[in-house]
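final-v5.pdb (PDB, N, CA and C atoms)
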```
ATOM      1  N   MET A  30     106.757 132.943  68.962
ATOM      2  CA  MET A  30     107.031 131.622  69.504
ATOM      3  C   MET A  30     105.755 131.085  70.137
ATOM      4  N   SER A  31     105.499 129.802  69.960
ATOM      5  CA  SER A  31     104.321 129.210  70.570
ATOM      6  C   SER A  31     104.742 128.013  71.419
ATOM      7  N   LEU A  32     103.853 127.624  72.314
ATOM      8  CA  LEU A  32     104.105 126.487  73.189
ATOM      9  C   LEU A  32     103.708 125.207  72.466
ATOM     10  N   PRO A  33     104.261 124.062  72.877
ATOM     11  CA  PRO A  33     103.867 122.799  72.247
ATOM     12  C   PRO A  33     102.392 122.499  72.532
ATOM     13  N   SER A  34     101.749 121.913  71.566
ATOM     14  CA  SER A  34     100.337 121.555  71.709
ATOM     15  C   SER A  34     100.164 120.543  72.849
ATOM     16  N   PRO A  35      99.073 120.644  73.606
ATOM     17  CA  PRO A  35      98.817 119.676  74.678
ATOM     18  C   PRO A  35      98.234 118.355  74.160
ATOM     19  N   CYS A  36      98.084 118.217  72.847
ATOM     20  CA  CYS A  36      97.518 117.000  72.261
ATOM     21  C   CYS A  36      98.374 115.788  72.634
ATOM     22  N   ILE A  37      97.698 114.704  73.067
ATOM     23  CA  ILE A  37      98.409 113.461  73.381
ATOM     24  C   ILE A  37      97.932 112.322  72.483
ATOM     25  N   SER A  38      97.324 112.676  71.348
ATOM     26  CA  SER A  38      96.869 111.726  70.323
ATOM     27  C   SER A  38      95.783 110.774  70.819
ATOM     28  N   ILE A  39      94.986 111.219  71.761
ATOM     29  CA  ILE A  39      93.760 110.510  72.159
ATOM     30  C   ILE A  39      92.637 111.491  71.806
ATOM     31  N   CYS A  40      92.256 111.492  70.544
ATOM     32  CA  CYS A  40      91.367 112.528  70.025
ATOM     33  C   CYS A  40      89.927 112.023  69.963
ATOM     34  N   GLN A  41      89.245 112.129  71.094
ATOM     35  CA  GLN A  41      87.836 111.757  71.182
ATOM     36  C   GLN A  41      87.122 112.829  71.980
ATOM     37  N   ILE A  42      86.012 113.317  71.447
ATOM     38  CA  ILE A  42      85.256 114.354  72.119
ATOM     39  C   ILE A  42      84.218 113.707  73.047
ATOM     40  N   ASP A  43      84.233 114.114  74.299
ATOM     41  CA  ASP A  43      83.260 113.651  75.285
ATOM     42  C   ASP A  43      81.920 114.311  74.959
ATOM     43  N   PRO A  44      80.858 113.517  74.686
ATOM     44  CA  PRO A  44      79.582 114.127  74.309
ATOM     45  C   PRO A  44      78.941 114.955  75.428
ATOM     46  N   LYS A  45      79.279 114.664  76.674
ATOM     47  CA  LYS A  45      78.706 115.424  77.794
ATOM     48  C   LYS A  45      79.355 116.791  77.950
ATOM     49  N   THR A  46      80.683 116.840  77.900
ATOM     50  CA  THR A  46      81.393 118.098  78.146
ATOM     51  C   THR A  46      81.761 118.835  76.865
ATOM     52  N   GLY A  47      81.885 118.101  75.764
ATOM     53  CA  GLY A  47      82.339 118.710  74.521
ATOM     54  C   GLY A  47      83.839 118.886  74.466
ATOM     55  N   ASN A  48      84.544 118.328  75.452
ATOM     56  CA  ASN A  48      86.003 118.431  75.513
ATOM     57  C   ASN A  48      86.647 117.131  75.076
ATOM     58  N   CYS A  49      87.858 117.246  74.559
ATOM     59  CA  CYS A  49      88.632 116.081  74.146
ATOM     60  C   CYS A  49      88.986 115.249  75.381
ATOM     61  N   LEU A  50      88.874 113.939  75.261
ATOM     62  CA  LEU A  50      89.208 113.045  76.372
ATOM     63  C   LEU A  50      90.718 112.933  76.592
ATOM     64  N   GLY A  51      91.502 113.363  75.631
ATOM     65  CA  GLY A  51      92.957 113.311  75.770
ATOM     66  C   GLY A  51      93.551 114.576  76.356
ATOM     67  N   CYS A  52      93.228 115.714  75.745
ATOM     68  CA  CYS A  52      93.869 116.966  76.155
ATOM     69  C   CYS A  52      92.931 117.909  76.912
ATOM     70  N   TYR A  53      91.643 117.583  76.938
ATOM     71  CA  TYR A  53      90.616 118.357  77.669
ATOM     72  C   TYR A  53      90.288 119.696  77.020
ATOM     73  N   ARG A  54      90.706 119.909  75.770
ATOM     74  CA  ARG A  54      90.344 121.140  75.070
ATOM     75  C   ARG A  54      89.017 120.959  74.352
ATOM     76  N   SER A  55      88.298 122.078  74.159
ATOM     77  CA  SER A  55      87.096 122.068  73.332
ATOM     78  C   SER A  55      87.524 122.089  71.866
ATOM     79  N   ARG A  56      86.589 121.819  70.986
ATOM     80  CA  ARG A  56      86.904 121.878  69.550
ATOM     81  C   ARG A  56      87.377 123.276  69.164
ATOM     82  N   GLN A  57      86.731 124.298  69.729
ATOM     83  CA  GLN A  57      87.112 125.675  69.420
ATOM     84  C   GLN A  57      88.542 125.961  69.892
ATOM     85  N   GLU A  58      88.899 125.469  71.071
ATOM     86  CA  GLU A  58      90.254 125.682  71.587
ATOM     87  C   GLU A  58      91.291 124.951  70.744
ATOM     88  N   ILE A  59      90.931 123.759  70.288
ATOM     89  CA  ILE A  59      91.828 122.994  69.423
ATOM     90  C   ILE A  59      92.062 123.763  68.123
ATOM     91  N   ALA A  60      91.000 124.278  67.541
ATOM     92  CA  ALA A  60      91.108 125.012  66.278
ATOM     93  C   ALA A  60      91.876 126.322  66.449
ATOM     94  N   ARG A  61      91.702 126.999  67.588
ATOM     95  CA  ARG A  61      92.341 128.297  67.811
ATOM     96  C   ARG A  61      93.797 128.197  68.265
ATOM     97  N   TRP A  62      94.234 127.036  68.731
ATOM     98  CA  TRP A  62      95.576 126.895  69.317
ATOM     99  C   TRP A  62      96.681 127.542  68.473
ATOM    100  N   PRO A  63      96.776 127.257  67.178
ATOM    101  CA  PRO A  63      97.887 127.844  66.398
ATOM    102  C   PRO A  63      97.839 129.378  66.317
ATOM    103  N   ALA A  64      96.663 129.962  66.438
ATOM    104  CA  ALA A  64      96.528 131.413  66.332
ATOM    105  C   ALA A  64      96.651 132.120  67.683
ATOM    106  N   MET A  65      96.673 131.363  68.778
ATOM    107  CA  MET A  65      96.768 131.967  70.108
ATOM    108  C   MET A  65      98.162 132.512  70.363
ATOM    109  N   SER A  66      98.216 133.572  71.163
ATOM    110  CA  SER A  66      99.514 134.084  71.597
ATOM    111  C   SER A  66     100.091 133.119  72.628
ATOM    112  N   THR A  67     101.363 133.250  72.908
ATOM    113  CA  THR A  67     102.003 132.394  73.914
ATOM    114  C   THR A  67     101.330 132.574  75.274
ATOM    115  N   ASP A  68     100.960 133.805  75.606
ATOM    116  CA  ASP A  68     100.275 134.052  76.877
ATOM    117  C   ASP A  68      98.918 133.358  76.930
ATOM    118  N   GLU A  69      98.172 133.408  75.820
ATOM    119  CA  GLU A  69      96.874 132.726  75.768
ATOM    120  C   GLU A  69      97.047 131.217  75.901
ATOM    121  N   GLN A  70      98.067 130.681  75.235
ATOM    122  CA  GLN A  70      98.330 129.245  75.317
ATOM    123  C   GLN A  70      98.686 128.846  76.746
ATOM    124  N   ALA A  71      99.520 129.628  77.404
ATOM    125  CA  ALA A  71      99.924 129.332  78.781
ATOM    126  C   ALA A  71      98.716 129.369  79.709
ATOM    127  N   LYS A  72      97.851 130.347  79.522
ATOM    128  CA  LYS A  72      96.638 130.448  80.345
ATOM    129  C   LYS A  72      95.737 129.232  80.118
ATOM    130  N   LEU A  73      95.567 128.839  78.855
ATOM    131  CA  LEU A  73      94.743 127.672  78.548
ATOM    132  C   LEU A  73      95.354 126.410  79.151
ATOM    133  N   LEU A  74      96.666 126.257  79.099
ATOM    134  CA  LEU A  74      97.307 125.082  79.690
ATOM    135  C   LEU A  74      96.991 124.982  81.182
ATOM    136  N   GLN A  75      96.956 126.113  81.878
ATOM    137  CA  GLN A  75      96.593 126.109  83.298
ATOM    138  C   GLN A  75      95.136 125.690  83.478
ATOM    139  N   GLU A  76      94.258 126.180  82.615
ATOM    140  CA  GLU A  76      92.844 125.790  82.676
ATOM    141  C   GLU A  76      92.681 124.300  82.414
ATOM    142  N   LEU A  77      93.469 123.770  81.478
ATOM    143  CA  LEU A  77      93.383 122.349  81.150
ATOM    144  C   LEU A  77      93.795 121.485  82.335
ATOM    145  N   LYS A  78      94.779 121.937  83.101
ATOM    146  CA  LYS A  78      95.180 121.204  84.299
ATOM    147  C   LYS A  78      94.022 121.109  85.276
ATOM    148  N   GLN A  79      93.275 122.206  85.405
ATOM    149  CA  GLN A  79      92.130 122.220  86.312
ATOM    150  C   GLN A  79      91.013 121.305  85.794
ATOM    151  N   ARG A  80      90.766 121.323  84.494
ATOM    152  CA  ARG A  80      89.744 120.436  83.910
ATOM    153  C   ARG A  80      90.112 118.982  84.135
ATOM    154  N   ARG A  81      91.380 118.665  83.913
ATOM    155  CA  ARG A  81      91.853 117.285  84.105
ATOM    156  C   ARG A  81      91.681 116.874  85.556
ATOM    157  N   SER A  82      92.019 117.764  86.460
ATOM    158  CA  SER A  82      91.909 117.487  87.888
ATOM    159  C   SER A  82      90.454 117.226  88.284
ATOM    160  N   LYS A  83      89.544 118.041  87.772
ATOM    161  CA  LYS A  83      88.119 117.857  88.065
ATOM    162  C   LYS A  83      87.613 116.528  87.533
ATOM    163  N   LYS A  84      88.010 116.191  86.325
ATOM    164  CA  LYS A  84      87.522 114.985  85.656
ATOM    165  C   LYS A  84      88.100 113.714  86.269
ATOM    166  N   THR A  85      89.383 113.734  86.613
ATOM    167  CA  THR A  85      90.059 112.515  87.048
ATOM    168  C   THR A  85      90.259 112.427  88.557
ATOM    169  N   GLY A  86      90.174 113.565  89.235
ATOM    170  CA  GLY A  86      90.451 113.571  90.667
ATOM    171  C   GLY A  86      91.938 113.643  90.973
ATOM    172  N   LEU A  87      92.757 113.675  89.921
ATOM    173  CA  LEU A  87      94.200 113.779  90.117
ATOM    174  C   LEU A  87      94.590 115.243  90.214
ATOM    175  N   HIS A  88      95.468 115.547  91.118
ATOM    176  CA  HIS A  88      95.916 116.918  91.285
ATOM    177  C   HIS A  88      96.982 117.243  90.254
ATOM    178  N   PRO A  89      96.992 118.488  89.788
ATOM    179  CA  PRO A  89      98.037 118.877  88.832
ATOM    180  C   PRO A  89      99.425 118.686  89.434
ATOM    181  N   ARG A  90     100.332 118.252  88.599
ATOM    182  CA  ARG A  90     101.708 118.062  89.060
ATOM    183  C   ARG A  90     102.375 119.400  89.285
ATOM    184  N   ARG A  91     103.186 119.441  90.306
ATOM    185  CA  ARG A  91     104.010 120.626  90.530
ATOM    186  C   ARG A  91     105.330 120.422  89.820
ATOM    187  N   ILE A  92     105.817 121.472  89.245
ATOM    188  CA  ILE A  92     107.124 121.407  88.590
ATOM    189  C   ILE A  92     108.155 121.845  89.616
ATOM    190  N   ARG A  93     109.045 120.947  89.903
ATOM    191  CA  ARG A  93     110.112 121.271  90.859
ATOM    192  C   ARG A  93     111.331 121.707  90.089
ATOM    193  N   ARG A  94     111.836 122.801  90.490
ATOM    194  CA  ARG A  94     113.046 123.307  89.838
ATOM    195  C   ARG A  94     114.251 122.881  90.646
ATOM    196  N   ARG A  95     115.262 122.499  89.929
ATOM    197  CA  ARG A  95     116.508 122.114  90.605
ATOM    198  C   ARG A  95     117.147 123.323  91.235
ATOM    199  N   GLN A  96     117.677 123.116  92.385
ATOM    200  CA  GLN A  96     118.415 124.199  93.012
ATOM    201  C   GLN A  96     119.804 124.246  92.410
ATOM    202  N   GLN A  97     120.218 125.454  92.103
ATOM    203  CA  GLN A  97     121.555 125.605  91.525
ATOM    204  C   GLN A  97     122.596 125.522  92.620
ATOM    205  N   ARG A  98     123.671 124.885  92.307
ATOM    206  CA  ARG A  98     124.750 124.717  93.290
ATOM    207  C   ARG A  98     125.771 125.786  93.130
TER     208      ARG A  98
END
```
Go ahead and express the file in the form of structure tokens.
Amino acid sequence: MSLPSPCISICQIDPKTGNCLGCYRSRQEIARWPAMSTDEQAKLLQELKQRRSKKTGLHPRRIRRRQQR
């Protein structure tokens, strides 16, 4: 099982960083995504949140879980 791709269809590579301006992955990460294990994908998704935060100044969103009644 694999996780959904972080691609948001804004596929432009930043010439300074070499990362996509949409999903913040490098070309190598984009190419390797289908072959990555679920654990590797999850780890990369966490790294992408940090890259986005550095680039935009926005903090990663926290996922709030509903409390069960």
List as an MDAnalysis selection string the protein and nucleic acid residues near range 76-85 of chain A, meaning an atom at most 9 Å away when only C-alpha atoms are counted, but skip any in the same chain fewer than 6 places from it. chainID A and resid 35 52:54
In Å, how far is it from atom N of Ser34 in chain A to CA of Pro63 in chain A?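 If I compute the distance from atom N of Ser34 in chain A to CA of Pro63 in chain A, I get 8.8 Å.
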CA of Gln57 in chain A to CA of Pro33 in chain A: how many Å, to one decimal?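 If I compute the distance from CA of Gln57 in chain A to CA of Pro33 in chain A, I get 17.2 Å.
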Quick one: pull the distance between CA of Ile42 in chain A and atom N of Ser66 in chain A, Å, one decimal.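 Interatomic distance here is 23.2 Å.
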Pick out the residues sitting within 6.5 Å of Arg56 in chain A, and hand them over as a PDB file with N, CA and C atoms, keeping the file's coordinate frame; count all atoms listed in the file, and ignore anything fewer than 6 positions along from it in its own chain.
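Saved as selection.pdb:
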```pdb
ATOM      1  N   GLY A  47      81.885 118.101  75.764  1.00  0.00           N
ATOM      2  CA  GLY A  47      82.339 118.710  74.521  1.00  0.00           C
ATOM      3  C   GLY A  47      83.839 118.886  74.466  1.00  0.00           C
ATOM      4  N   ASN A  48      84.544 118.328  75.452  1.00  0.00           N
ATOM      5  CA  ASN A  48      86.003 118.431  75.513  1.00  0.00           C
ATOM      6  C   ASN A  48      86.647 117.131  75.076  1.00  0.00           C
ATOM      7  N   CYS A  49      87.858 117.246  74.559  1.00  0.00           N
ATOM      8  CA  CYS A  49      88.632 116.081  74.146  1.00  0.00           C
ATOM      9  C   CYS A  49      88.986 115.249  75.381  1.00  0.00           C
TER      10      CYS A  49
END
```
DSSP on the backbone, helix (DSSP H, G or I) only: what residues of chain A does that give? Format it as a ChimeraX atom specification. /A:56-64,67-85
Near Gln70 in chain A, counting only C-alpha atoms, which residues have an atom at most 8 Å away, once you skip same-chain residues fewer than 5 positions from it, shown as an mmCIF file with N, CA and C atoms, in the frame of the given file?
```
data_model
loop_
_atom_site.group_PDB
_atom_site.id
_atom_site.type_symbol
_atom_site.label_atom_id
_atom_site.label_comp_id
_atom_site.auth_asym_id
_atom_site.auth_seq_id
_atom_site.Cartn_x
_atom_site.Cartn_y
_atom_site.Cartn_z
ATOM 1 N N SER A 31 105.499 129.802 69.960
ATOM 2 C CA SER A 31 104.321 129.210 70.570
ATOM 3 C C SER A 31 104.742 128.013 71.419
ATOM 4 N N LEU A 32 103.853 127.624 72.314
ATOM 5 C CA LEU A 32 104.105 126.487 73.189
ATOM 6 C C LEU A 32 103.708 125.207 72.466
ATOM 7 N N TRP A 62 94.234 127.036 68.731
ATOM 8 C CA TRP A 62 95.576 126.895 69.317
ATOM 9 C C TRP A 62 96.681 127.542 68.473
ATOM 10 N N MET A 65 96.673 131.363 68.778
ATOM 11 C CA MET A 65 96.768 131.967 70.108
ATOM 12 C C MET A 65 98.162 132.512 70.363
#
```
A:Leu50, A:Gln41, A:Met30, A:Ser55: which is nearest Thr67 in chain A, counting only C-alpha atoms? A:Met30
